[in-house]
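> Contents of run_31.tsv (TSV, C-alpha atoms) are given next:
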```
chain	number	residue	atom	x	y	z
A	82	MET	CA	0.00	0.00	0.00
A	83	ILE	CA	1.45	3.35	-1.08
A	84	ALA	CA	0.15	6.54	0.49
A	85	ASP	CA	0.90	10.07	-0.68
A	86	ILE	CA	-0.40	13.14	1.14
A	87	ARG	CA	0.47	16.63	-0.08
A	88	LEU	CA	-0.17	19.72	2.00
A	89	LEU	CA	2.37	22.09	0.40
A	90	GLY	CA	-0.12	23.55	-2.04
A	91	PRO	CA	-3.62	22.21	-2.73
A	92	LEU	CA	-4.60	19.30	-0.46
A	93	ARG	CA	-4.06	15.97	-2.18
A	94	ALA	CA	-4.16	12.57	-0.53
A	95	ARG	CA	-4.08	9.21	-2.26
A	96	ILE	CA	-3.83	5.65	-1.11
A	97	GLY	CA	-2.73	3.65	-4.09
A	98	ASP	CA	-4.35	5.33	-7.06
A	99	VAL	CA	-7.47	6.49	-5.20
A	100	SER	CA	-8.02	9.94	-3.72
A	101	VAL	CA	-9.23	10.04	-0.12
A	102	VAL	CA	-9.75	13.81	0.03
A	103	PRO	CA	-13.27	14.71	1.21
A	104	SER	CA	-15.18	17.33	-0.74
A	105	ALA	CA	-16.71	19.10	2.28
A	106	ALA	CA	-14.71	21.78	4.07
A	107	LYS	CA	-14.56	20.51	7.66
A	108	PRO	CA	-13.66	16.90	6.79
A	109	ARG	CA	-10.81	18.38	4.70
A	110	GLN	CA	-9.65	20.29	7.77
A	111	LEU	CA	-9.80	17.08	9.78
A	112	LEU	CA	-7.68	15.20	7.25
A	113	ALA	CA	-5.17	18.06	6.99
A	114	LEU	CA	-4.65	18.32	10.75
A	115	LEU	CA	-4.29	14.56	11.15
A	116	ALA	CA	-1.80	14.49	8.25
A	117	VAL	CA	0.35	17.30	9.68
A	118	HIS	CA	0.66	15.14	12.83
A	119	VAL	CA	0.85	11.80	11.02
A	120	GLY	CA	1.72	8.94	13.34
A	121	ARG	CA	0.79	10.96	16.43
A	122	ILE	CA	-2.42	11.27	18.41
A	123	VAL	CA	-4.42	14.42	17.80
A	124	THR	CA	-6.72	14.99	20.74
A	125	ILE	CA	-10.43	15.45	20.36
A	126	ASP	CA	-10.12	18.83	22.06
A	127	SER	CA	-7.57	19.93	19.43
A	128	LEU	CA	-9.81	18.74	16.61
A	129	LEU	CA	-12.87	20.49	18.03
A	130	ALA	CA	-10.90	23.72	18.47
A	131	GLU	CA	-9.63	23.52	14.89
A	132	LEU	CA	-13.03	22.84	13.36
A	133	TRP	CA	-15.17	25.20	15.45
A	134	GLU	CA	-12.67	27.46	17.26
A	135	GLU	CA	-14.16	29.13	20.34
A	136	GLU	CA	-17.82	28.16	19.87
A	137	PRO	CA	-18.34	24.48	19.05
A	138	PRO	CA	-22.01	23.50	18.79
A	139	ARG	CA	-23.51	21.07	21.26
A	140	SER	CA	-23.38	18.39	18.60
A	141	ALA	CA	-19.70	18.99	17.82
A	142	ALA	CA	-18.38	15.71	19.27
A	143	THR	CA	-21.01	13.69	17.42
A	144	THR	CA	-20.40	15.61	14.22
A	145	LEU	CA	-16.66	14.95	14.55
A	146	GLN	CA	-17.35	11.22	14.77
A	147	THR	CA	-19.40	11.52	11.58
A	148	TYR	CA	-16.49	13.21	9.79
A	149	VAL	CA	-14.15	10.44	10.98
A	150	LEU	CA	-16.54	7.80	9.63
A	151	GLN	CA	-16.75	9.61	6.28
A	152	LEU	CA	-12.97	9.70	6.03
A	153	ARG	CA	-12.70	6.03	6.99
A	154	ARG	CA	-15.14	5.12	4.23
A	155	LYS	CA	-12.92	6.87	1.70
A	156	ILE	CA	-9.86	5.10	3.09
A	157	ALA	CA	-11.64	1.73	2.99
A	158	ALA	CA	-12.59	2.27	-0.66
A	159	ALA	CA	-8.98	3.11	-1.46
A	160	VAL	CA	-7.32	0.17	0.33
A	161	GLY	CA	-9.82	-2.43	-0.88
A	162	ASP	CA	-10.68	-5.77	0.70
A	163	GLY	CA	-7.49	-7.68	0.00
A	164	SER	CA	-4.97	-5.27	1.45
A	165	GLY	CA	-4.73	-6.86	4.88
A	166	VAL	CA	-5.22	-3.52	6.59
A	167	SER	CA	-8.47	-1.83	7.62
A	168	ALA	CA	-9.55	1.78	7.57
A	169	LYS	CA	-9.88	1.65	11.36
A	170	GLU	CA	-6.21	0.73	11.59
A	171	LEU	CA	-5.13	3.54	9.26
A	172	LEU	CA	-7.33	6.12	10.99
A	173	ALA	CA	-7.13	4.75	14.49
A	174	THR	CA	-9.21	5.72	17.49
A	175	GLU	CA	-6.87	6.31	20.42
A	176	HIS	CA	-7.48	7.26	24.01
A	177	GLY	CA	-8.64	10.87	23.83
A	178	GLY	CA	-8.20	11.31	20.09
A	179	TYR	CA	-7.37	9.93	16.65
A	180	ARG	CA	-4.16	8.98	14.86
A	181	LEU	CA	-3.44	8.74	11.15
A	182	ALA	CA	-1.26	5.62	11.02
A	183	LEU	CA	0.67	6.17	7.80
A	184	PRO	CA	4.45	6.30	7.21
A	185	VAL	CA	5.98	9.69	7.99
A	186	GLU	CA	7.56	9.81	4.53
A	187	SER	CA	4.11	9.66	2.92
A	188	VAL	CA	3.45	13.32	3.90
A	189	ASP	CA	5.27	16.03	1.93
A	190	VAL	CA	5.52	18.36	4.94
A	191	LEU	CA	7.57	15.80	6.85
A	192	ARG	CA	9.76	15.06	3.83
A	193	ALA	CA	10.39	18.79	3.35
A	194	ARG	CA	11.34	19.31	6.99
A	195	ASP	CA	13.76	16.39	6.86
A	196	LEU	CA	15.42	17.72	3.70
A	197	ILE	CA	15.72	21.22	5.19
A	198	THR	CA	17.34	19.84	8.34
A	199	ARG	CA	19.81	17.80	6.29
A	200	GLY	CA	20.53	20.84	4.10
A	201	GLN	CA	21.23	22.98	7.16
A	202	GLN	CA	23.57	20.33	8.51
A	203	ALA	CA	25.44	20.18	5.20
A	204	LEU	CA	25.88	23.97	5.13
A	205	ALA	CA	27.09	23.96	8.74
A	206	ALA	CA	29.74	21.43	7.68
A	207	GLY	CA	30.85	23.70	4.82
A	208	GLU	CA	29.29	21.50	2.12
A	209	ASP	CA	27.59	24.21	0.09
A	210	ALA	CA	26.89	22.16	-3.05
A	211	SER	CA	25.26	19.35	-1.08
A	212	GLY	CA	23.35	21.82	1.10
A	213	SER	CA	22.06	23.72	-1.92
A	214	THR	CA	20.87	20.49	-3.53
A	215	LEU	CA	19.07	19.28	-0.40
A	216	LEU	CA	17.39	22.64	0.19
A	217	GLY	CA	16.41	22.84	-3.49
A	218	ASP	CA	14.86	19.37	-3.25
A	219	ALA	CA	12.85	20.52	-0.24
A	220	LEU	CA	11.66	23.70	-1.94
A	221	ARG	CA	10.49	21.80	-5.01
A	222	LEU	CA	7.95	20.02	-2.82
A	223	TRP	CA	6.01	23.29	-2.53
A	224	ASP	CA	3.25	23.63	-5.13
A	225	GLY	CA	1.94	26.96	-3.88
A	226	PRO	CA	1.04	28.23	-0.41
A	227	ALA	CA	0.62	25.39	2.08
A	228	LEU	CA	-2.96	24.16	2.54
A	229	VAL	CA	-4.13	26.79	0.09
A	230	ASP	CA	-7.56	25.20	-0.44
A	231	VAL	CA	-8.24	24.07	3.14
A	232	PRO	CA	-10.21	26.23	5.60
A	233	ALA	CA	-7.92	26.91	8.55
A	234	GLY	CA	-8.73	27.13	12.21
A	235	PRO	CA	-6.18	28.10	14.88
A	236	ARG	CA	-4.01	24.97	14.58
A	237	LEU	CA	-3.75	24.99	10.80
A	238	ARG	CA	-3.17	28.75	10.74
A	239	ILE	CA	-0.10	28.19	12.94
A	240	GLU	CA	1.05	25.38	10.65
A	241	ARG	CA	0.67	27.62	7.59
A	242	MET	CA	2.76	30.38	9.18
A	243	SER	CA	5.39	27.91	10.34
A	244	LEU	CA	5.66	26.32	6.91
A	245	GLU	CA	5.99	29.69	5.20
A	246	GLU	CA	8.78	30.67	7.60
A	247	SER	CA	10.49	27.35	6.90
A	248	ARG	CA	10.18	27.89	3.16
A	249	LEU	CA	11.61	31.41	3.28
A	250	GLY	CA	14.43	30.30	5.55
A	251	ALA	CA	15.31	27.48	3.17
A	252	VAL	CA	15.23	29.87	0.20
A	253	GLU	CA	17.55	32.29	1.98
A	254	LEU	CA	20.03	29.57	2.93
A	255	ARG	CA	20.00	27.97	-0.52
A	256	ILE	CA	20.63	31.30	-2.26
A	257	GLY	CA	23.47	32.05	0.14
A	258	ALA	CA	25.07	28.72	-0.72
A	259	ASP	CA	24.58	29.34	-4.44
A	260	LEU	CA	26.27	32.73	-4.16
A	261	ARG	CA	29.24	31.11	-2.43
A	262	LEU	CA	29.35	28.63	-5.32
A	263	GLY	CA	29.62	31.48	-7.84
A	264	ARG	CA	26.10	31.10	-9.24
A	265	HIS	CA	25.19	34.82	-9.02
A	266	HIS	CA	24.16	35.18	-12.67
A	267	ARG	CA	21.58	32.42	-12.51
A	268	LEU	CA	20.09	33.87	-9.28
A	269	LEU	CA	19.20	37.30	-10.66
A	270	GLY	CA	15.79	36.42	-12.07
A	271	GLU	CA	14.77	34.50	-8.96
A	272	LEU	CA	15.88	37.30	-6.65
A	273	THR	CA	14.02	39.90	-8.74
A	274	THR	CA	10.81	37.98	-8.06
A	275	LEU	CA	11.55	37.18	-4.43
A	276	THR	CA	12.35	40.76	-3.42
A	277	ALA	CA	9.18	41.97	-5.12
A	278	GLU	CA	7.17	39.39	-3.18
A	279	GLN	CA	9.01	40.07	0.10
A	280	PRO	CA	9.64	43.84	0.14
A	281	LEU	CA	10.66	43.86	3.84
A	282	HIS	CA	12.94	40.81	3.79
A	283	GLU	CA	16.41	42.27	4.33
A	284	ALA	CA	18.43	39.10	3.78
A	285	LEU	CA	16.91	38.44	0.37
A	286	HIS	CA	17.57	42.04	-0.65
A	287	ALA	CA	21.16	41.71	0.57
A	288	HIS	CA	21.60	38.54	-1.50
A	289	TYR	CA	20.18	40.43	-4.49
A	290	MET	CA	22.65	43.27	-3.96
A	291	VAL	CA	25.57	40.83	-3.86
A	292	ALA	CA	24.38	38.97	-6.98
A	293	LEU	CA	23.97	42.23	-8.90
A	294	TYR	CA	27.35	43.54	-7.78
A	295	ARG	CA	29.11	40.35	-8.81
A	296	ALA	CA	27.31	40.47	-12.16
A	297	GLY	CA	28.85	43.92	-12.78
A	298	ARG	CA	25.67	45.85	-11.95
A	299	ALA	CA	26.70	47.88	-8.90
A	300	GLY	CA	24.31	50.73	-9.74
A	301	GLN	CA	21.34	48.38	-9.62
A	302	ALA	CA	22.61	46.93	-6.34
A	303	LEU	CA	22.55	50.44	-4.85
A	304	GLU	CA	19.03	50.96	-6.18
A	305	VAL	CA	17.92	47.76	-4.43
A	306	PHE	CA	19.23	49.19	-1.17
A	307	ARG	CA	17.48	52.53	-1.73
A	308	ARG	CA	14.19	50.78	-2.44
A	309	LEU	CA	14.52	48.54	0.63
A	310	ARG	CA	15.37	51.50	2.87
A	311	ALA	CA	12.40	53.53	1.63
A	312	THR	CA	10.04	50.59	2.20
A	313	LEU	CA	11.34	49.87	5.71
A	314	ILE	CA	10.99	53.52	6.70
A	315	ASP	CA	7.52	53.85	5.19
A	316	GLU	CA	6.15	50.57	6.54
A	317	LEU	CA	7.97	50.10	9.85
A	318	GLY	CA	9.68	53.40	10.64
A	319	LEU	CA	13.02	51.55	10.69
A	320	GLU	CA	16.36	51.96	8.97
A	321	PRO	CA	17.94	48.86	7.42
A	322	SER	CA	19.90	46.72	9.86
A	323	PRO	CA	23.60	47.47	10.46
A	324	ARG	CA	24.55	44.43	8.39
A	325	VAL	CA	22.73	45.67	5.32
A	326	GLN	CA	24.05	49.18	5.83
A	327	ARG	CA	27.60	47.80	5.93
A	328	LEU	CA	26.90	45.93	2.72
A	329	HIS	CA	25.65	49.18	1.15
A	330	GLN	CA	28.87	50.93	2.15
A	331	ALA	CA	30.92	48.05	0.79
A	332	VAL	CA	29.16	48.30	-2.59
A	333	LEU	CA	29.81	52.06	-2.66
A	334	ALA	CA	33.48	51.45	-1.91
A	335	ALA	CA	33.80	48.47	-4.28
A	336	HIS	CA	35.19	46.55	-1.32
A	337	PRO	CA	37.29	43.55	-2.41
A	338	ASP	CA	35.55	41.25	0.06
A	339	LEU	CA	32.49	41.45	-2.19
A	340	ASP	CA	34.35	39.95	-5.13
A	341	PRO	CA	33.98	36.24	-5.81
A	342	VAL	CA	37.20	34.34	-5.19
A	343	ALA	CA	38.00	31.01	-6.79
A	344	VAL	CA	38.65	28.27	-4.24
A	345	PRO	CA	38.84	24.48	-4.58
A	346	GLY	CA	35.31	23.37	-5.41
A	347	GLY	CA	34.31	26.88	-6.48
A	348	GLY	CA	32.68	29.67	-4.52
A	349	LEU	CA	33.71	32.14	-1.87
A	350	PRO	CA	35.34	31.15	1.42
A	351	ARG	CA	33.09	31.66	4.41
A	352	GLU	CA	35.77	33.61	6.32
A	353	ARG	CA	36.14	36.22	3.60
A	354	ALA	CA	32.44	36.37	2.79
A	355	GLY	CA	31.63	37.46	6.31
A	356	ALA	CA	34.71	39.50	6.98
A	357	LEU	CA	32.90	42.83	7.33
A	358	VAL	CA	29.61	41.55	8.67
A	359	GLY	CA	29.02	41.66	12.39
A	360	PRO	CA	26.18	40.26	14.49
A	361	SER	CA	22.71	41.44	13.66
A	362	SER	CA	21.21	43.94	16.09
A	363	THR	CA	17.63	43.25	15.02
A	364	ALA	CA	16.69	39.71	16.00
A	365	SER	CA	13.15	40.05	14.70
A	366	ARG	CA	14.32	40.41	11.11
A	367	ALA	CA	15.86	37.69	8.98
A	368	PRO	CA	19.56	37.34	9.87
A	369	LEU	CA	22.12	38.02	7.19
A	370	GLN	CA	24.69	35.30	7.84
A	371	SER	CA	27.13	36.61	5.23
A	372	TRP	CA	27.19	38.48	1.98
A	373	SER	CA	27.46	35.27	0.00
```
Take the structure in the file and give it back as structure tokens.

Amino acid sequence: MIADIRLLGPLRARIGDVSVVPSAAKPRQLLALLAVHVGRIVTIDSLLAELWEEEPPRSAATTLQTYVLQLRRKIAAAVGDGSGVSAKELLATEHGGYRLALPVESVDVLRARDLITRGQQALAAGEDASGSTLLGDALRLWDGPALVDVPAGPRLRIERMSLEESRLGAVELRIGADLRLGRHHRLLGELTTLTAEQPLHEALHAHYMVALYRAGRAGQALEVFRRLRATLIDELGLEPSPRVQRLHQAVLAAHPDLDPVAVPGGGLPRERAGALVGPSSTASRAPLQSWS
């Protein structure tokens, strides 16, 4: 039996070749929350809070049982009679809640988180090419905003925000690795889009400035800084962080630490890349680990 549940975009869930996604809104919420916590018990209280928030109706517990039965029917139709496993085993009733008993690797969210963790570990070990590949594999699992077609209560809203933060963090790290690997030309189009979508994200703008500078477009790099500064002042009443201001000064001075330097394996050494970048003074904004 092969299961495949995708939450990073529209909700899709198949067992074998058969979809088990309910058509009604609240059963879809139920499936999504169980899938995010695949293999773990989700309490009835958590499910009621997700489906009805602060004001569950008197019939909420009974209605929840009905949704579980509907989902089990879909699972039973998908697994068939000769599979050796029942719908009650796959969507198990546990003490105080329910558990979706499917392999962790069947859910794209869990696969993405594993790839991001492995990518971060590779970068920490100085393995930029491997880290970039792992993070790129994770990012390709996204097919749009997470749970884009699922109504979200408080639990799923938190999951959506967490997944978006994870995605942006992975993008930032992967681009940093690609810059160290000398891939600045191929990043320009992506960074044009990303900075337009994330006008307050300082680290992405800093990466864009570095890529433009290394592509021989220092004037455009300075314009990126001016646009970022204007947006931060207008929206938040803040100047760019000291890190980004140092990068701006380095571009103005054509500082040699901004130049790509050939090293074994390609890219820019970490020590030189961060030579003029000190600790960030604004913890609430995305950290700029280095210029590359």
> If we count only C-alpha atoms and set the cut-off at 9 Å, which residues sit around Lys155 in chain A, ignoring sequence neighbours fewer than 5 positions away in its own chain? Please answer as a list in words.
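After dropping sequence-adjacent residues, the list is Val99, Ser100, Val101, Val102, Pro103, Leu150, Val160 and Ala168 of chain A.
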> Of the residues A:Thr274, A:Pro235, A:Arg295, A:Gly217, which is the one nearest to Ser127 in chain A, using only C-alpha atoms?
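The shortest atom-to-atom distance to Ser127 in chain A comes from A:Pro235.
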> Around the point (-12.1, 14.6, 5.7) in the file's coordinates, collect all residues with an atom within 10 Å, using all atoms listed in the file, and return them as a list in words.
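Those residues lying close to the given coordinates are Val101, Val102, Pro103, Ser104, Ala105, Ala106, Lys107, Pro108, Arg109, Gln110, Leu111, Leu112, Ala113, Leu114, Leu115, Leu145, Thr147, Tyr148, Val149, Leu150, Gln151, Leu152, Arg153 and Lys155 of chain A.
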> Can you work out the spacing between CA of Ala173 in chain A and CA of Gly120 in chain A in Å, to one decimal?
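Straight-line distance from CA of Ala173 in chain A to CA of Gly120 in chain A works out to 9.9 Å.
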> Nearest to Leu303 in chain A among A:Val231, A:Leu129, A:Ile256, A:Val332, with distances taken over only C-alpha atoms: which residue is it?
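Result for the nearest residue to Leu303 in chain A: A:Val332.
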